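See below for work.cif, which holds mmCIF, C-alpha atoms.
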```cif
data_query
loop_
_atom_site.label_atom_id
_atom_site.label_comp_id
_atom_site.auth_asym_id
_atom_site.auth_seq_id
_atom_site.Cartn_x
_atom_site.Cartn_y
_atom_site.Cartn_z
CA MET A 968 20.58 -47.33 8.46
CA ASN A 969 22.16 -50.39 7.12
CA HIS A 970 25.96 -50.35 6.96
CA THR A 971 27.64 -52.68 4.51
CA THR A 972 31.16 -53.85 5.30
CA THR A 973 33.28 -54.71 2.30
CA GLN A 974 36.33 -56.90 2.67
CA THR A 975 39.00 -56.57 0.02
CA ASP A 976 41.01 -59.65 -0.83
CA THR A 977 44.72 -59.00 -0.50
CA ALA A 978 47.84 -61.11 -0.71
CA GLN A 979 48.12 -60.73 3.04
CA THR A 980 44.59 -61.74 4.05
CA GLY A 981 43.64 -64.16 1.30
CA PRO A 982 40.12 -64.75 0.18
CA ASP A 983 39.03 -66.31 3.43
CA GLY A 984 40.37 -63.46 5.56
CA ALA A 985 42.90 -65.63 7.29
CA GLY A 986 45.62 -62.95 7.43
CA GLY A 987 48.45 -64.53 9.41
CA ARG A 988 48.29 -68.10 8.14
CA GLU A 989 49.92 -67.60 4.68
CA THR A 990 52.56 -65.20 6.05
CA GLY A 991 53.61 -67.68 8.73
CA ALA A 992 53.90 -70.52 6.21
CA GLY A 993 56.07 -68.39 3.89
CA ALA A 994 58.41 -67.44 6.68
CA TRP A 995 58.65 -71.06 7.76
CA ARG A 996 59.58 -72.13 4.20
CA ALA A 997 62.19 -69.33 3.99
CA ARG A 998 63.80 -70.55 7.20
CA ILE A 999 63.93 -74.06 5.79
CA ARG A 1000 65.63 -72.81 2.64
CA ARG A 1001 68.20 -70.81 4.65
CA ALA A 1002 68.98 -73.81 6.82
CA ALA A 1003 69.42 -76.02 3.75
CA ARG A 1004 71.81 -73.52 2.20
CA ALA A 1005 73.78 -73.28 5.44
CA VAL A 1006 74.10 -77.05 5.64
CA SER A 1007 75.15 -77.38 2.01
CA ARG A 1008 77.65 -74.48 2.14
CA PRO A 1009 81.26 -75.69 2.77
CA GLY A 1010 82.53 -74.97 6.25
CA PRO A 1011 85.93 -73.47 7.09
CA TRP A 1012 87.52 -76.94 7.02
CA LYS A 1013 86.04 -77.75 3.59
CA ARG A 1014 86.77 -74.45 1.90
CA GLY A 1015 90.09 -73.84 0.12
CA ARG A 1016 91.02 -77.43 -0.59
CA VAL A 1017 93.09 -76.39 -3.61
CA LEU A 1018 94.98 -73.86 -1.45
CA ALA A 1019 95.61 -76.54 1.17
CA ALA A 1020 96.94 -78.88 -1.52
CA LEU A 1021 99.25 -76.16 -2.86
CA ALA A 1022 100.56 -75.47 0.65
CA LEU A 1023 101.32 -79.15 1.22
CA LEU A 1024 102.99 -79.38 -2.20
CA LEU A 1025 105.18 -76.37 -1.38
CA GLY A 1026 106.23 -77.93 1.91
CA LEU A 1027 107.06 -81.24 0.24
CA LEU A 1028 109.10 -79.53 -2.50
CA MET A 1029 111.30 -77.92 0.16
CA LEU A 1030 111.40 -80.94 2.45
CA LEU A 1031 112.27 -83.41 -0.32
CA HIS A 1032 114.39 -81.12 -2.50
CA ALA A 1033 117.28 -83.59 -2.43
CA GLU A 1034 115.01 -86.25 -3.94
CA ILE A 1035 114.16 -84.21 -7.04
CA PRO A 1036 116.35 -85.73 -9.75
CA ASP A 1037 118.77 -83.87 -11.99
CA ARG A 1038 119.25 -86.54 -14.62
CA GLY A 1039 116.54 -86.46 -17.24
CA THR A 1040 114.98 -83.28 -15.85
CA GLY A 1041 117.44 -80.63 -17.05
CA ASN A 1042 119.06 -80.40 -13.60
CA LEU A 1043 115.74 -79.38 -12.07
CA GLY A 1044 116.91 -80.40 -8.59
CA SER A 1045 119.97 -78.16 -8.71
CA LEU A 1046 117.94 -75.29 -10.09
CA GLU A 1047 115.42 -75.54 -7.27
CA GLU A 1048 118.16 -75.72 -4.66
CA SER A 1049 119.85 -72.63 -6.09
CA PHE A 1050 116.78 -70.54 -5.27
CA LEU A 1051 115.41 -72.58 -2.39
CA PRO A 1052 115.29 -69.71 0.16
CA TRP A 1053 112.92 -67.78 -2.11
CA PHE A 1054 110.28 -70.50 -1.87
CA GLY A 1055 109.43 -68.94 1.47
CA LEU A 1056 107.90 -65.95 -0.33
CA ILE A 1057 105.09 -68.18 -1.59
CA VAL A 1058 103.89 -68.73 1.99
CA PRO A 1059 102.46 -65.22 2.63
CA VAL A 1060 100.73 -65.33 -0.78
CA LEU A 1061 99.01 -68.59 0.10
CA LEU A 1062 98.23 -67.31 3.59
CA ALA A 1063 96.51 -64.20 2.22
CA ALA A 1064 94.45 -66.37 -0.13
CA ALA A 1065 93.55 -68.75 2.72
CA LEU A 1066 92.38 -65.87 4.94
CA TRP A 1067 90.35 -64.40 2.09
CA ARG A 1068 88.68 -67.78 1.55
CA ARG A 1069 88.35 -68.26 5.31
CA SER A 1070 89.87 -71.69 4.90
CA ALA A 1071 91.01 -73.25 8.14
CA SER A 1072 92.38 -76.29 6.31
CA ALA A 1073 94.64 -74.14 4.10
CA VAL A 1074 95.95 -72.20 7.09
CA LEU A 1075 96.73 -75.44 8.90
CA ALA A 1076 98.42 -76.91 5.80
CA LEU A 1077 100.73 -73.88 5.64
CA MET A 1078 102.34 -75.05 8.86
CA LEU A 1079 104.29 -77.61 6.84
CA PRO A 1080 106.16 -75.19 4.51
CA VAL A 1081 106.69 -72.72 7.35
CA THR A 1082 108.24 -75.41 9.55
CA VAL A 1083 110.42 -76.77 6.75
CA TRP A 1084 111.64 -73.31 5.69
CA LEU A 1085 112.53 -72.34 9.25
CA ASN A 1086 114.35 -75.63 9.71
CA LEU A 1087 116.37 -75.02 6.53
CA PHE A 1088 117.05 -71.30 6.81
CA GLY A 1089 115.87 -70.01 10.17
CA GLY A 1090 119.41 -70.13 11.55
CA LEU A 1091 120.59 -67.68 8.89
CA LEU A 1092 118.24 -64.95 10.09
CA ALA A 1093 120.15 -64.34 13.31
CA ASP A 1094 123.42 -62.41 13.52
CA LYS A 1095 126.07 -65.02 14.37
CA SER A 1096 129.09 -62.75 14.14
CA HIS A 1097 131.57 -62.38 16.99
CA PRO A 1098 134.25 -59.78 17.62
CA GLY A 1099 137.91 -60.49 17.09
CA GLY A 1100 139.76 -62.61 14.60
CA ASP A 1101 143.31 -62.97 13.32
CA LEU A 1102 142.93 -62.35 9.60
CA THR A 1103 140.45 -60.71 7.22
CA VAL A 1104 139.92 -62.32 3.83
CA ALA A 1105 137.87 -60.93 0.94
CA SER A 1106 136.93 -61.91 -2.58
CA GLU A 1107 135.21 -60.44 -5.63
CA ASN A 1108 134.37 -61.26 -9.20
CA VAL A 1109 135.39 -57.87 -10.61
CA TYR A 1110 133.50 -58.39 -13.90
CA ALA A 1111 135.37 -58.77 -17.15
CA ASP A 1112 133.44 -55.85 -18.72
CA ASN A 1113 133.91 -53.56 -15.71
CA PRO A 1114 133.94 -49.99 -17.11
CA ASP A 1115 136.01 -48.61 -14.21
CA PRO A 1116 138.41 -51.23 -12.79
CA ALA A 1117 140.46 -48.52 -11.05
CA ARG A 1118 137.48 -47.56 -8.90
CA THR A 1119 136.79 -51.21 -8.06
CA ALA A 1120 140.43 -51.74 -7.10
CA ARG A 1121 140.47 -48.68 -4.84
CA ASP A 1122 137.31 -49.83 -3.06
CA LEU A 1123 138.81 -53.27 -2.52
CA ALA A 1124 142.03 -51.77 -1.15
CA ALA A 1125 139.94 -49.75 1.30
CA SER A 1126 138.13 -52.89 2.53
CA GLY A 1127 140.82 -53.62 5.11
CA ALA A 1128 141.29 -57.20 3.93
CA ASP A 1129 144.64 -58.83 4.65
CA VAL A 1130 144.17 -61.33 1.82
CA LEU A 1131 142.18 -60.37 -1.27
CA ALA A 1132 141.07 -62.70 -4.06
CA VAL A 1133 140.15 -61.23 -7.44
CA VAL A 1134 138.59 -63.27 -10.23
CA ALA A 1135 137.43 -62.54 -13.80
CA LEU A 1136 140.60 -60.60 -14.53
CA THR A 1137 141.22 -59.64 -18.13
CA GLU A 1138 144.58 -59.05 -19.76
CA GLN A 1139 143.72 -55.38 -20.21
CA ALA A 1140 142.56 -54.78 -16.62
CA THR A 1141 145.18 -56.81 -14.75
CA GLY A 1142 147.73 -53.99 -14.92
CA THR A 1143 145.22 -51.58 -13.42
CA TYR A 1144 144.58 -53.85 -10.43
CA GLU A 1145 148.30 -54.43 -9.93
CA GLN A 1146 148.92 -50.68 -9.91
CA GLU A 1147 146.01 -49.71 -7.67
CA LEU A 1148 146.55 -52.53 -5.15
CA ALA A 1149 150.34 -52.39 -4.97
CA LYS A 1150 150.53 -49.97 -2.05
CA ALA A 1151 148.18 -51.90 0.22
CA TYR A 1152 149.33 -55.35 -0.87
CA PRO A 1153 153.06 -55.86 -1.41
CA TYR A 1154 152.60 -59.53 -2.39
CA HIS A 1155 150.45 -60.84 -5.19
CA THR A 1156 150.14 -63.55 -7.80
CA VAL A 1157 148.06 -63.75 -10.97
CA GLN A 1158 147.43 -67.10 -12.61
CA GLY A 1159 145.42 -66.65 -15.78
CA THR A 1160 142.16 -64.90 -14.90
CA VAL A 1161 142.43 -65.21 -11.10
CA GLY A 1162 144.71 -63.45 -8.65
CA LEU A 1163 145.50 -63.07 -4.98
CA TRP A 1164 146.80 -59.93 -3.27
CA SER A 1165 148.23 -60.18 0.24
CA ARG A 1166 149.80 -58.09 2.99
CA LEU A 1167 151.71 -61.24 3.95
CA PRO A 1168 154.27 -63.26 1.96
CA LEU A 1169 153.08 -65.90 -0.51
CA SER A 1170 154.79 -69.15 -1.48
CA ASP A 1171 154.23 -72.45 -3.25
CA THR A 1172 151.86 -70.85 -5.77
CA ARG A 1173 150.51 -72.90 -8.64
CA PRO A 1174 147.51 -72.99 -10.97
CA ILE A 1175 144.73 -75.52 -10.48
CA ASP A 1176 143.20 -76.90 -13.65
CA ILE A 1177 139.44 -76.83 -13.22
CA MET A 1178 138.46 -76.28 -16.87
CA ASP A 1179 140.24 -79.13 -18.66
CA TYR A 1180 139.82 -81.64 -15.87
CA GLY A 1181 139.55 -85.16 -17.21
CA PRO A 1182 141.38 -87.68 -19.43
CA LEU A 1183 142.11 -85.14 -22.18
CA ALA A 1184 143.53 -82.45 -19.88
CA ASP A 1185 147.17 -83.45 -20.48
CA THR A 1186 146.81 -83.06 -24.23
CA LYS A 1187 146.37 -79.29 -24.03
CA PRO A 1188 149.59 -77.17 -24.03
CA ALA A 1189 150.47 -75.69 -20.63
CA ALA A 1190 150.69 -72.14 -22.01
CA ALA A 1191 147.22 -72.39 -23.49
CA LYS A 1192 145.78 -73.73 -20.24
CA LEU A 1193 147.43 -71.00 -18.14
CA ALA A 1194 146.02 -68.20 -20.28
CA SER A 1195 142.49 -69.24 -19.43
CA ASN A 1196 143.27 -70.62 -15.98
CA ARG A 1197 140.50 -70.03 -13.42
CA ALA A 1198 141.90 -71.36 -10.14
CA LEU A 1199 145.07 -71.24 -8.06
CA ARG A 1200 146.54 -72.49 -4.82
CA THR A 1201 149.06 -70.63 -2.68
CA THR A 1202 150.36 -70.46 0.89
CA VAL A 1203 150.09 -67.32 3.01
CA ALA A 1204 152.71 -66.95 5.75
CA THR A 1205 150.94 -65.69 8.88
CA ASP A 1206 152.29 -65.21 12.40
CA ARG A 1207 150.08 -68.13 13.42
CA GLY A 1208 151.49 -70.48 10.82
CA PRO A 1209 150.86 -71.22 7.13
CA LEU A 1210 147.41 -70.77 5.63
CA THR A 1211 146.57 -72.50 2.35
CA VAL A 1212 144.38 -70.36 0.11
CA TYR A 1213 142.52 -71.47 -2.99
CA VAL A 1214 141.06 -68.95 -5.41
CA ALA A 1215 138.54 -70.18 -7.97
CA HIS A 1216 136.18 -68.93 -10.63
CA LEU A 1217 134.06 -71.89 -11.64
CA GLY A 1218 132.34 -72.16 -15.01
CA SER A 1219 129.14 -70.25 -15.68
CA VAL A 1220 125.67 -71.76 -15.55
CA ARG A 1221 122.75 -71.05 -17.87
CA VAL A 1222 119.01 -71.69 -18.00
CA LEU A 1223 118.38 -72.83 -21.57
CA PRO A 1224 114.99 -73.61 -23.13
CA SER A 1225 116.43 -76.67 -24.88
CA SER A 1226 118.31 -78.30 -22.03
CA GLY A 1227 117.13 -76.67 -18.80
CA PHE A 1228 119.68 -75.70 -16.16
CA TRP A 1229 123.08 -76.11 -17.88
CA THR A 1230 125.86 -76.68 -15.32
CA ALA A 1231 128.33 -78.94 -17.15
CA SER A 1232 131.35 -76.61 -17.06
CA ARG A 1233 130.78 -75.62 -13.45
CA ASN A 1234 130.33 -79.17 -12.26
CA ILE A 1235 133.59 -80.25 -13.90
CA GLY A 1236 135.33 -77.51 -11.93
CA VAL A 1237 133.61 -78.51 -8.69
CA GLN A 1238 134.90 -82.07 -9.06
CA ALA A 1239 138.45 -80.94 -9.81
CA LEU A 1240 138.46 -78.46 -6.93
CA GLY A 1241 136.98 -80.97 -4.52
CA LYS A 1242 139.70 -83.52 -5.36
CA ALA A 1243 142.43 -80.90 -4.97
CA VAL A 1244 141.16 -79.87 -1.54
CA ALA A 1245 140.70 -83.50 -0.45
CA ALA A 1246 144.30 -84.30 -1.40
CA ASP A 1247 145.72 -81.20 0.27
CA PRO A 1248 147.48 -82.08 3.55
CA SER A 1249 147.19 -78.52 4.90
CA GLN A 1250 145.44 -78.18 8.23
CA ARG A 1251 144.15 -74.66 7.53
CA VAL A 1252 142.46 -74.01 4.19
CA VAL A 1253 140.43 -71.10 2.83
CA LEU A 1254 138.63 -71.19 -0.52
CA LEU A 1255 137.69 -67.83 -2.03
CA GLY A 1256 135.95 -67.01 -5.26
CA ASP A 1257 132.95 -67.04 -7.54
CA LEU A 1258 131.67 -70.61 -7.54
CA ASN A 1259 128.61 -69.87 -9.68
CA GLY A 1260 126.43 -71.79 -7.29
CA THR A 1261 125.02 -71.82 -3.78
CA THR A 1262 126.07 -74.11 -0.97
CA ASP A 1263 122.53 -75.57 -1.03
CA ASP A 1264 123.15 -76.93 -4.53
CA ARG A 1265 123.85 -80.68 -4.40
CA ALA A 1266 126.63 -80.21 -6.97
CA PHE A 1267 128.78 -78.77 -4.18
CA ASP A 1268 128.42 -81.65 -1.76
CA GLY A 1269 132.01 -82.72 -2.50
CA LEU A 1270 133.24 -79.31 -1.31
CA THR A 1271 130.79 -78.55 1.49
CA SER A 1272 131.50 -81.94 3.07
CA GLN A 1273 135.11 -80.76 3.53
CA LEU A 1274 134.72 -77.00 4.02
CA ARG A 1275 132.36 -74.80 6.02
CA SER A 1276 130.70 -71.64 4.77
CA ALA A 1277 131.86 -68.57 6.70
CA GLN A 1278 128.49 -66.93 6.02
CA GLU A 1279 126.53 -69.81 7.49
CA VAL A 1280 128.78 -70.04 10.55
CA ALA A 1281 129.33 -66.36 11.35
CA GLY A 1282 127.22 -64.23 9.02
CA ASP A 1283 124.08 -62.14 9.33
CA GLY A 1284 121.39 -63.14 6.86
CA PHE A 1285 121.75 -64.88 3.52
CA GLY A 1286 124.62 -62.73 2.24
CA PHE A 1287 123.35 -62.58 -1.35
CA THR A 1288 125.93 -61.28 -3.84
CA TRP A 1289 124.50 -61.43 -7.36
CA PRO A 1290 123.39 -59.45 -9.26
CA ALA A 1291 124.98 -56.45 -7.56
CA ARG A 1292 122.05 -54.09 -8.03
CA PHE A 1293 119.54 -56.44 -6.40
CA PRO A 1294 121.22 -59.61 -5.11
CA VAL A 1295 119.01 -62.68 -5.04
CA VAL A 1296 121.56 -65.48 -4.66
CA ARG A 1297 124.94 -66.05 -2.97
CA ILE A 1298 127.33 -67.52 -5.52
CA ASP A 1299 130.49 -65.81 -4.20
CA GLN A 1300 131.79 -67.93 -1.36
CA ILE A 1301 134.27 -68.07 1.50
CA LEU A 1302 134.70 -71.68 2.60
CA VAL A 1303 137.10 -72.75 5.34
CA ARG A 1304 138.71 -75.74 7.03
CA GLY A 1305 140.81 -75.71 10.20
CA VAL A 1306 140.08 -72.06 11.04
CA GLU A 1307 137.15 -70.45 12.84
CA PRO A 1308 135.04 -67.79 11.10
CA ARG A 1309 134.33 -64.94 13.51
CA SER A 1310 132.27 -62.76 11.19
CA SER A 1311 131.17 -62.67 7.58
CA TRP A 1312 129.63 -59.88 5.53
CA VAL A 1313 128.93 -58.53 2.04
CA LEU A 1314 130.63 -55.33 0.94
CA PRO A 1315 128.85 -52.57 -1.03
CA ALA A 1316 128.66 -52.67 -4.83
CA ASN A 1317 131.69 -51.09 -6.49
CA GLY A 1318 131.18 -51.25 -10.24
CA SER A 1319 131.14 -55.01 -10.75
CA ASP A 1320 128.05 -57.11 -11.38
CA HIS A 1321 128.93 -59.06 -8.20
CA ARG A 1322 129.23 -57.73 -4.67
CA PRO A 1323 132.45 -58.49 -2.75
CA VAL A 1324 132.39 -60.79 0.26
CA ALA A 1325 134.60 -60.69 3.35
CA ALA A 1326 135.16 -62.70 6.52
CA ARG A 1327 137.23 -62.44 9.67
CA ILE A 1328 138.82 -65.74 10.72
CA SER A 1329 140.77 -66.93 13.75
CA TRP A 1330 142.96 -69.90 14.60
#
```
Take the structure from the file and write it as structure tokens.
Amino acid sequence: MNHTTTQTDTAQTGPDGAGGRETGAGAWRARIRRAARAVSRPGPWKRGRVLAALALLLGLLMLLHAEIPDRGTGNLGSLEESFLPWFGLIVPVLLAAALWRRSASAVLALMLPVTVWLNLFGGLLADKSHPGGDLTVASENVYADNPDPARTARDLAASGADVLAVVALTEQATGTYEQELAKAYPYHTVQGTVGLWSRLPLSDTRPIDIMDYGPLADTKPAAAKLASNRALRTTVATDRGPLTVYVAHLGSVRVLPSSGFWTASRNIGVQALGKAVAADPSQRVVLLGDLNGTTDDRAFDGLTSQLRSAQEVAGDGFGFTWPARFPVVRIDQILVRGVEPRSSWVLPANGSDHRPVAARISW
């Protein structure tokens, strides 16, 4: 019997029956294609170049913040410096993006902003407070539209401060503060919209003109200037000698679409206050109040070159004070000369839109 063998052509065998030859060639070509793709695909050092550039830009913005001009930019430099600590929050965002992209270059570039931020603010993260101290000072912007000034006054009286500065007083609320604080503080002075309450005697009290500072200041009647006065100077008699205390409420700042960061009124007050402190012969000086700016802001160089921040020397953290519900910036300051801050802290919210600040100082 004759048996006939039939071979069927398939894609695997081909017409000549050579089964493995075409399959091997296809696999070889596939390997070539995969290798080409691997070579052309960016490696970890080439991926994320935009992220790396953004990280370097962030680091340079913090490192060179003093070089960013104010003039002609709507005070952009001052605005950046006011919120400079918050630039650190951009780092974890960029880091997450760099890890998602598996970009080694972006991760390495982030070392610059991390290093700069730690150099600028790392010292504030530790608790630098020390026990002891001779005198406790406190200050608060009590908010002109405060719906319950009696409650705010009672909370301030319970703070334990020996010297208490109150700013943003209104004619209607001043009597309430005088009544509620009288028992704890037998001595006080009110000059316009700012006041000082003290357990110790006060003397040589006078207003400081920080609103009409300049060539035209003398043309305004004294009574009119006092009504809107926002700063004072007085002397507190302590058992360790006299302590000069300044209380100030500098002009407000605004971010305006037309002109950017508007600081004209505040900056006039900074200049006037800086000159007053520079001319003061007192060895021991404390400045309390709402300065409407941070000590990082270049506008305060005239003050911070003469006075130290109690929070920076003896505080724990940034000590943000405004807005009271969720503070993001410290514009309420305690600045000192000739005394040593032992501790500095922020008191709980008490009805104002600012949180009170306090510090313990020693001679």
Worksheet item: Please, what distance in Å, to one decimal, runs between atom CA of Met1078 of chain A and atom CA of Leu1091 of chain A?
Response: 19.7 Å
Proximity of segment 1241-1325 of chain A to segment 1128-1137 of chain A: per-residue shortest pair, 9 Å limit, all atoms listed in the file, as CSV:
```
residue,atom,partner,partner_atom,distance
A:Leu1255,CA,A:Ala1132,CA,6.5
A:Gly1256,CA,A:Val1134,CA,6.8
A:Asp1257,CA,A:Val1134,CA,7.3
A:Ala1325,CA,A:Ala1128,CA,7.6
```
Discussion item. Which residue is closest to Ser1310 of chain A? Choose from A:Arg1200, A:Arg1327, A:Arg1275, A:Arg1173 and count only C-alpha atoms.
Written reply: A:Arg1327
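If you apply the PyMOL selection byres ((chain A and resi 1153) around 9) to this structure, you end up with Leu1148, Ala1149, Lys1150, Ala1151, Tyr1152, Tyr1154, His1155, Trp1164, Ser1165, Arg1166, Leu1167 and Pro1168 of chain A.
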Kindly save the residues from that selection, with C-alpha atoms included, as a PDB file, in the frame of the given file.
```pdb
ATOM      1  CA  LEU A1148     146.550 -52.530  -5.150  1.00  0.00           C
ATOM      2  CA  ALA A1149     150.340 -52.390  -4.970  1.00  0.00           C
ATOM      3  CA  LYS A1150     150.530 -49.970  -2.050  1.00  0.00           C
ATOM      4  CA  ALA A1151     148.180 -51.900   0.220  1.00  0.00           C
ATOM      5  CA  TYR A1152     149.330 -55.350  -0.870  1.00  0.00           C
ATOM      6  CA  TYR A1154     152.600 -59.530  -2.390  1.00  0.00           C
ATOM      7  CA  HIS A1155     150.450 -60.840  -5.190  1.00  0.00           C
ATOM      8  CA  TRP A1164     146.800 -59.930  -3.270  1.00  0.00           C
ATOM      9  CA  SER A1165     148.230 -60.180   0.240  1.00  0.00           C
ATOM     10  CA  ARG A1166     149.800 -58.090   2.990  1.00  0.00           C
ATOM     11  CA  LEU A1167     151.710 -61.240   3.950  1.00  0.00           C
ATOM     12  CA  PRO A1168     154.270 -63.260   1.960  1.00  0.00           C
TER      13      PRO A1168
END
```
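Take the candidates A:Thr1230, A:Thr1262, A:Ser1106, A:Thr1143 and check each one against Val1212 of chain A using only C-alpha atoms; the shortest distance goes to A:Ser1106.
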Item to complete: Name the residues that the PyMOL selection byres ((chain A and resi 1032) around 10) picks from the file above, as a PyMOL selection string, using the file's chain letters and numbers.
Response: chain A and resi 1026-1031+1033-1036+1043-1045+1047-1048+1051+1263-1265
Output for the residues just chosen: C-alpha atoms as a compact mmCIF listing (two decimals), in the coordinates of the input:
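Output (result-v9.txt):
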```
# COMPACT_ATOMS: atom_id res chain seq x y z
CA GLY A 1026 106.23 -77.93 1.91
CA LEU A 1027 107.06 -81.24 0.24
CA LEU A 1028 109.10 -79.53 -2.50
CA MET A 1029 111.30 -77.92 0.16
CA LEU A 1030 111.40 -80.94 2.45
CA LEU A 1031 112.27 -83.41 -0.32
CA ALA A 1033 117.28 -83.59 -2.43
CA GLU A 1034 115.01 -86.25 -3.94
CA ILE A 1035 114.16 -84.21 -7.04
CA PRO A 1036 116.35 -85.73 -9.75
CA LEU A 1043 115.74 -79.38 -12.07
CA GLY A 1044 116.91 -80.40 -8.59
CA SER A 1045 119.97 -78.16 -8.71
CA GLU A 1047 115.42 -75.54 -7.27
CA GLU A 1048 118.16 -75.72 -4.66
CA LEU A 1051 115.41 -72.58 -2.39
CA ASP A 1263 122.53 -75.57 -1.03
CA ASP A 1264 123.15 -76.93 -4.53
CA ARG A 1265 123.85 -80.68 -4.40
```
Discussion item. As a PyMOL selection string, please: the residues near Thr1201 of chain A (cut-off 7 Å, only C-alpha atoms, same-chain neighbours under 6 positions excluded).
Written reply: chain A and resi 1169-1173+1211-1213
Worksheet item: Written as an MDAnalysis selection string, what is the full residue list that the PyMOL selection byres ((chain A and resi 1317) around 9) yields on the file shown?
Response: chainID A and resid 1109 1118:1120 1122:1123 1291 1314:1316 1318:1323
Take the residues that were just selected and, keeping C-alpha atoms, output them as a short mmCIF file (atom, residue, chain, number, x, y, z; two decimals), in the frame of the given file.
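Writing done, so here's selection-v2.cif:
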```cif
data_model
loop_
_atom_site.label_atom_id
_atom_site.label_comp_id
_atom_site.auth_asym_id
_atom_site.auth_seq_id
_atom_site.Cartn_x
_atom_site.Cartn_y
_atom_site.Cartn_z
CA VAL A 1109 135.39 -57.87 -10.61
CA ARG A 1118 137.48 -47.56 -8.90
CA THR A 1119 136.79 -51.21 -8.06
CA ALA A 1120 140.43 -51.74 -7.10
CA ASP A 1122 137.31 -49.83 -3.06
CA LEU A 1123 138.81 -53.27 -2.52
CA ALA A 1291 124.98 -56.45 -7.56
CA LEU A 1314 130.63 -55.33 0.94
CA PRO A 1315 128.85 -52.57 -1.03
CA ALA A 1316 128.66 -52.67 -4.83
CA GLY A 1318 131.18 -51.25 -10.24
CA SER A 1319 131.14 -55.01 -10.75
CA ASP A 1320 128.05 -57.11 -11.38
CA HIS A 1321 128.93 -59.06 -8.20
CA ARG A 1322 129.23 -57.73 -4.67
CA PRO A 1323 132.45 -58.49 -2.75
#
```
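Proximity of A:Thr1271, A:Asn1196, A:Ser1072, A:Asn1259 to Trp1229 of chain A, computed with all atoms listed in the file, is greatest for A:Asn1259.
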Item to complete: Enumerate, as a ChimeraX atom specification, the protein, DNA and RNA residues whose atoms approach (86.2, -80.0, 8.2) to within 12 Å, taking into account only C-alpha atoms and the coordinate frame of the file.
Response: /A:1008-1016,1070-1073,1075
Fill in: Pick from A:Ser1195, A:Ser1226, A:Thr1141, A:Ser1049, whichever lies nearest to Gly1260 of chain A using only C-alpha atoms
A:Ser1049
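Take atom CA of Gln1273 of chain A and atom CA of Leu1254 of chain A: the distance between them is 11.0 Å.
One distance worth recording is that between atom CA of Ala1125 of chain A and atom CA of Val1161 of chain A, which is 20.0 Å.
Distances here use all atoms listed in the file; by that measure, the residue among A:Leu1066, A:Gly1055, A:Ala994, A:Leu1270 closest to Gly1089 of chain A is A:Gly1055.
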Discussion item. Would you pick out the contacts of Thr1261 of chain A at 12 Å or less, using all atoms listed in the file, so that residues sharing its chain but fewer than 3 positions from it are not included, and give the list as a PyMOL selection string?
Written reply: chain A and resi 1045-1052+1217+1220+1233+1237+1257-1258+1264-1268+1270-1271+1276+1278-1279+1285-1289+1295-1302
Discussion item. With 12 Å as the threshold, what does the neighbourhood of (133.0, -62.8, 20.0) contain in terms of residues, counting only C-alpha atoms? Coordinates are those of the file; answer as a ChimeraX atom specification.
Written reply: /A:1094-1100,1281,1307-1310,1327-1329
Complete the atom set of segment 1062-1072 of chain A to N, CA and C atoms and return it as a compact mmCIF listing (two decimals), in the frame of the given file.
```txt
# COMPACT_ATOMS: atom_id res chain seq x y z
N LEU A 1062 98.91 -67.67 2.35
CA LEU A 1062 98.23 -67.31 3.59
C LEU A 1062 97.16 -66.25 3.34
N ALA A 1063 97.49 -65.24 2.54
CA ALA A 1063 96.51 -64.20 2.22
C ALA A 1063 95.30 -64.80 1.52
N ALA A 1064 95.56 -65.72 0.58
CA ALA A 1064 94.45 -66.37 -0.13
C ALA A 1064 93.61 -67.22 0.83
N ALA A 1065 94.27 -67.91 1.76
CA ALA A 1065 93.55 -68.75 2.72
C ALA A 1065 92.67 -67.90 3.64
N LEU A 1066 93.18 -66.75 4.08
CA LEU A 1066 92.38 -65.87 4.94
C LEU A 1066 91.20 -65.28 4.17
N TRP A 1067 91.44 -64.94 2.90
CA TRP A 1067 90.35 -64.40 2.09
C TRP A 1067 89.25 -65.43 1.88
N ARG A 1068 89.65 -66.68 1.71
CA ARG A 1068 88.68 -67.78 1.55
C ARG A 1068 88.15 -68.28 2.88
N ARG A 1069 88.73 -67.80 3.97
CA ARG A 1069 88.35 -68.26 5.31
C ARG A 1069 88.47 -69.79 5.40
N SER A 1070 89.63 -70.25 4.94
CA SER A 1070 89.87 -71.69 4.90
C SER A 1070 90.78 -72.11 6.04
N ALA A 1071 90.22 -72.77 7.02
CA ALA A 1071 91.01 -73.25 8.14
C ALA A 1071 91.97 -74.36 7.70
N SER A 1072 91.53 -75.19 6.75
CA SER A 1072 92.38 -76.29 6.31
C SER A 1072 93.62 -75.78 5.60
```
